[in-house]
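Chemist: Got a structure for you, questions after.
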Amino acid sequence: MRRRPNYLAGVAAVAWLIIVALPLYVMLSATVQSKGDYAKGSPLSWPEHFTFENYSGAFDEGFGQFFVNTLIVTVAVVGIVVVLVPPLAYAVVRSRSRVASGVFRLFLLGLAIPAQAVIVPMFYLISEAGLYDNLIGVILPTAAFCLPISTLILSGAMRDIGHELFEAMAVDGASPRRMFLQLVLPLSKGGISTIVVFSALQAWNGFLFPLVLTQSDSTKVITLGLYNFQTEHGINVPGTLAAVFMSMVPILLVYLFARRALVQGLMGVGGK
Amino acid sequence: MTTQLTRAAAPVKSSGRKSGRARGAQSADVGRPGFAWAVPATIFFVLFAILPLLAVAALSFMSWGGIGDPEWVGLDNWNRVFDDPVMIKSIWLTLLLTVLGVVLQTPLSILIGVWAAGTQRNRAVISAVYFVPLLLSSTAVSVLWRALLDPNFGIPSEATWLFGDGNLFGKQTTAIGVLAFVSTWQFTPLHSLIYQGAARAIPQVLYQAAEIDGAGRVRQFFHITLPQLRNSIITSMILMVVGGLTTFETVLILTQGGPGTDTTISAYYMYQKAFKSFDFGAGAVIALLLVVAATIISLIVVRLSGYDKMRSTMEGVS
């Protein structure tokens with residue numbers, strides 16, 4: 001139907017492409033230059049002598065350990081979300097109990113709570129529980145803050161399951177548990193992969209909880225490592241940028257191979 | 001959200017008999033899960049999100065320095081926070097940055113989102129690049145821009161005709177400009193994504209009808225596209241406002257609230273009060289103010305727009 005090209009939007013789109021891509025190019029090109037070369041040339045110039053010393057330098061600063069810590073947090077958060085949310089969403093969608101709809105309202109309310117709002121008492125509660133500077137202390141609140149959106153996404157997916165399928169199983173005398181395992185779970189795979197990607201992204205990129213609830217190198221996650229690296233070696237621009245790029249690699253890989261689930265997970269961030 | 005609520009609540013009202021375990025498919029109560037299925041997640045959520053939220057309210061009336069037990073001090077923290085000129089300044093700065101965010105990001109992301117909604121192959125490829133900033137943590141984005149804008153080795157030192165002495169972090173106006181720009185760089189993709197989805201959902205019939213009536217592209221945009229995007233504009237604005245009020249990493253990493261306290265916005269000031277000056281009571285007051293402000297502004301936007309009454313257009317939204 002649309003024949004004439006939309007010039008205004010086209011120009012804006014290309015301009016924005018440059019604004020997005022240029023910093024990414026400067027970052028990549030800086031990470032493969034030595035500090036001296038980077039300081040001499042323009043940030044925009046193509047690297048002359050390639051080197052990987054910035055990456056090995058990041059590993060010397062403990063980034064290997066930070067990677068492992070972040071991976072532990074991410075896997076644990078995803079595990080908690082995947083165990084807790086499907087039964088909850090199932091109850092929200094199928095239960096006739098007044099309690100279940102009240103619970104759903106509680107989680108909708110939870111959408112409006114920013115992590116910044118609870119960080120002060122969280123520090124108190126986690127310290128009192130003896131979990132300060134412990135990865136468990138980071139995992140628990142991070143997982144809790146993934147629950148509202150995950151519930152919204154998954155209950156939306158479960159609502160799409162045809163009513164007659166449940167009725168057919170009810171005729172066969174199926175228990176709620178059997179319906180959950182044989183009908184609901186297989187048919188909401190898409191929703192479940194969306195909440196997996198969403199919560200993994202939240203856990204991998206999380207900063208505030210680790211910042212306030214941990215302090216030693218042995219519990220440091222990658223975002224915190226990045227922050228410390230910048231504070232201590234900010235003058236070493238190529239080294240800092242190498243650390244930034246390393247923190248992105250896993251997400252970029254997921255983006256390459258599971259773009260659909262990732263984009264849906266991001267729309268989850270959009271509060272939908 | 002309202003639709004979700006009514007849909008979830010509807011079966012409760014419609015079921016006349018609770019204990020009707022009659023046989024056959026007629027009885028919809030057979031095989032319904034009880035509320036027990038929701039209990040583990042609810043307990044977990046109450047422990048780690050609701051309880052801390054209640055605790056923040058309690059802590060705002062207490063004095064606590066990080067060790068020992070908190071002591072009740074009544075309105076002391078509240079008085080101190082509102083007598084603090086830095087705090088008052090931080091509220092204005094927070095509002096300024098939030099408004100700047102909305103003003104910069106809304107037109108840009110509508111334009112990009114509507115453009116990306118086209119089905120051409122090159123748009124899909126370009127859109128894939130657009131979304132990269134959205135994948136990165138705020139920490140990575142802030143550290144990246146801090147390095148790129150480094151006064152000595154960064155981009156500004158290459159373009160002194162544009163950036164003056166190249167130190168963008170040294171003056172309040174340029175420092176605020178940097179914060180607004182970096183947020184725009186990071187979050188425009190999210191909002192574009194929202195608009196892209198919404199623009200694809202607009203029925204083509206509307207445009208065909210408009211073309212028959214001889215409406216040009218501009219009129220089509222203002223009379224069809226924009227009104228049809230209304231719900232998305234509201235969703236996206238609420239996200240921008242809540243996101244703006246809780247901006248933290250960007251300030252911590254890019255400006256440390258400086259020069260002086262010229263970019264110390266409320267969320268960052270809360271962090272400083274609580275975790276640098278160990279004045280957790282004052283921190284709790286600021287945290288509570290942020291939650292209340294975010295909730296009130298969201299509610300006002302929802303009410304003013306009549307969003308809560310629009311049900312049909314919500315159909316299909318997750």
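Identifiers in this document derive from the order of the structure tokens: chains are assigned A, B, ..., residues are numbered from 1 separately in each chain, and ligands are numbered from 1 in order of occurrence.
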If we count only C-alpha atoms and set the cut-off at 12 Å, which residues sit around Val218 (chain B), ignoring sequence neighbours fewer than 5 positions away in its own chain? Please answer as an MDAnalysis selection string.

Modeler: (chainID A and resid 6:9) or (chainID B and resid 207 210:211 223:226)

Chemist: Show me, as a PyMOL selection string, the residues of chain A whose atoms get within 6 Å of chain B, using only C-alpha atoms for the distance check.

Modeler: chain A and resi 9+13+39+84+87-88+91+95-97+100-101+117-118+121-122+141+144+156+167+170-171+175-176+205+237+244

Chemist: Would you mind reading off the distance between CA of Gly225 (chain A) and CA of Ser34 (chain A), one decimal, in Å?

Modeler: 21.2 Å

Chemist: So which residues of region 58-158 of chain B fall under helix (DSSP H, G or I) by DSSP, listed as a PyMOL selection string?

Modeler: chain B and resi 58-59+76-83+85-116+121-130+132-135+138-148+155-158

Chemist: With a distance cut-off of 10 Å and only C-alpha atoms, select the neighbouring residues of Val86 (chain B), excluding the residue or stretch itself and same-chain residues fewer than 3 positions from it, and output the selection as a PDB file with C-alpha atoms, in the first residue's frame.

Modeler:
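Result file around26.pdb:
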ATOM      1  CA  VAL B  81      15.742  15.364  54.713  1.00  0.00           C
ATOM      2  CA  PHE B  82      13.396  18.249  53.915  1.00  0.00           C
ATOM      3  CA  ASP B  83      15.733  20.795  55.515  1.00  0.00           C
ATOM      4  CA  LYS B  89      18.072  20.324  44.637  1.00  0.00           C
ATOM      5  CA  SER B  90      18.159  16.570  43.903  1.00  0.00           C
ATOM      6  CA  ILE B  91      14.369  16.506  43.496  1.00  0.00           C
ATOM      7  CA  THR B 261      26.320  18.175  43.715  1.00  0.00           C
ATOM      8  CA  ASP B 262      25.173  19.471  40.344  1.00  0.00           C
ATOM      9  CA  THR B 264      23.171  14.482  42.423  1.00  0.00           C
ATOM     10  CA  ILE B 265      19.702  13.133  41.680  1.00  0.00           C
ATOM     11  CA  SER B 266      17.535  11.618  44.414  1.00  0.00           C
ATOM     12  CA  TYR B 269      21.658  10.832  46.970  1.00  0.00           C
TER      13      TYR B 269
END

Chemist: Using only C-alpha atoms, pick whichever of A:Ile153, A:Ala200, A:Leu211, A:Val93 has the shortest atom-to-atom distance to Gly137 (chain A).

Modeler: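 Looking only at the distances to Gly137 (chain A), the closest residue turns out to be A:Leu211.
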
Chemist: Determine, counting only C-alpha atoms, which protein, DNA and RNA residues have an atom within 10 Å of an atom of Ile176 (chain B); residues of the same chain fewer than 2 positions away are not included. Present the result as an MDAnalysis selection string.

Modeler: chainID B and resid 93 96:97 100 168:169 171:174 178:182 251 255 257:258 262:263

Chemist: Could those residues be written to a file, using N, CA and C atoms, as an mmCIF file, in the first residue's frame?

Modeler:
data_model
loop_
_atom_site.group_PDB
_atom_site.id
_atom_site.type_symbol
_atom_site.label_atom_id
_atom_site.label_comp_id
_atom_site.auth_asym_id
_atom_site.auth_seq_id
_atom_site.Cartn_x
_atom_site.Cartn_y
_atom_site.Cartn_z
ATOM 1 N N LEU B 93 16.565 18.160 40.123
ATOM 2 C CA LEU B 93 17.418 17.538 39.102
ATOM 3 C C LEU B 93 16.789 16.251 38.575
ATOM 4 N N LEU B 96 14.034 17.219 36.262
ATOM 5 C CA LEU B 96 14.603 17.745 35.020
ATOM 6 C C LEU B 96 15.062 16.602 34.117
ATOM 7 N N LEU B 97 15.806 15.649 34.693
ATOM 8 C CA LEU B 97 16.323 14.539 33.882
ATOM 9 C C LEU B 97 15.195 13.657 33.366
ATOM 10 N N LEU B 100 13.515 15.564 30.546
ATOM 11 C CA LEU B 100 14.415 15.526 29.390
ATOM 12 C C LEU B 100 14.342 14.172 28.706
ATOM 13 N N LEU B 168 33.411 17.262 29.318
ATOM 14 C CA LEU B 168 31.957 17.379 29.428
ATOM 15 C C LEU B 168 31.474 17.197 30.856
ATOM 16 N N PHE B 169 32.320 16.633 31.720
ATOM 17 C CA PHE B 169 31.882 16.347 33.087
ATOM 18 C C PHE B 169 32.165 17.512 34.028
ATOM 19 N N LYS B 171 31.099 20.801 33.741
ATOM 20 C CA LYS B 171 30.078 21.841 33.885
ATOM 21 C C LYS B 171 28.724 21.186 34.085
ATOM 22 N N GLN B 172 27.829 21.857 34.818
ATOM 23 C CA GLN B 172 26.528 21.245 35.087
ATOM 24 C C GLN B 172 25.737 20.986 33.807
ATOM 25 N N THR B 173 25.686 21.991 32.917
ATOM 26 C CA THR B 173 24.852 21.822 31.725
ATOM 27 C C THR B 173 25.327 20.644 30.870
ATOM 28 N N THR B 174 26.649 20.571 30.632
ATOM 29 C CA THR B 174 27.121 19.481 29.782
ATOM 30 C C THR B 174 27.014 18.141 30.510
ATOM 31 N N VAL B 178 25.130 14.939 29.085
ATOM 32 C CA VAL B 178 25.695 13.600 28.939
ATOM 33 C C VAL B 178 24.745 12.557 29.524
ATOM 34 N N LEU B 179 24.233 12.813 30.729
ATOM 35 C CA LEU B 179 23.336 11.841 31.373
ATOM 36 C C LEU B 179 22.089 11.611 30.526
ATOM 37 N N ALA B 180 21.500 12.717 30.008
ATOM 38 C CA ALA B 180 20.287 12.577 29.202
ATOM 39 C C ALA B 180 20.594 11.818 27.916
ATOM 40 N N PHE B 181 21.755 12.109 27.311
ATOM 41 C CA PHE B 181 22.116 11.450 26.061
ATOM 42 C C PHE B 181 22.343 9.953 26.276
ATOM 43 N N VAL B 182 23.077 9.615 27.328
ATOM 44 C CA VAL B 182 23.389 8.196 27.549
ATOM 45 C C VAL B 182 22.108 7.403 27.842
ATOM 46 N N VAL B 251 24.511 7.867 36.874
ATOM 47 C CA VAL B 251 25.048 8.972 37.661
ATOM 48 C C VAL B 251 26.269 8.511 38.452
ATOM 49 N N THR B 255 29.127 10.622 36.435
ATOM 50 C CA THR B 255 29.411 11.941 37.021
ATOM 51 C C THR B 255 29.671 11.921 38.522
ATOM 52 N N GLY B 257 27.656 12.301 40.635
ATOM 53 C CA GLY B 257 26.816 13.366 41.184
ATOM 54 C C GLY B 257 27.380 14.755 40.956
ATOM 55 N N GLY B 258 28.543 14.855 40.321
ATOM 56 C CA GLY B 258 29.202 16.134 40.214
ATOM 57 C C GLY B 258 29.025 16.788 38.853
ATOM 58 N N ASP B 262 25.977 18.951 41.441
ATOM 59 C CA ASP B 262 25.173 19.471 40.344
ATOM 60 C C ASP B 262 24.414 18.408 39.554
ATOM 61 N N THR B 263 24.781 17.134 39.691
ATOM 62 C CA THR B 263 23.975 16.085 39.062
ATOM 63 C C THR B 263 23.567 15.041 40.092
#

Chemist: CA of Ala143 (chain A) and CA of Val77 (chain A), how far apart in Å?

Modeler: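 The value is 5.0 Å.
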
Chemist: Going by DSSP on the backbone, which bits of region 21-185 of chain B are strand (DSSP E)? Write them as a list of chain:residue names, please.

Modeler: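 Output for region 21-185 of chain B, strand (DSSP E) only: B:Met62, B:Ser63, B:Glu71, B:Trp72.
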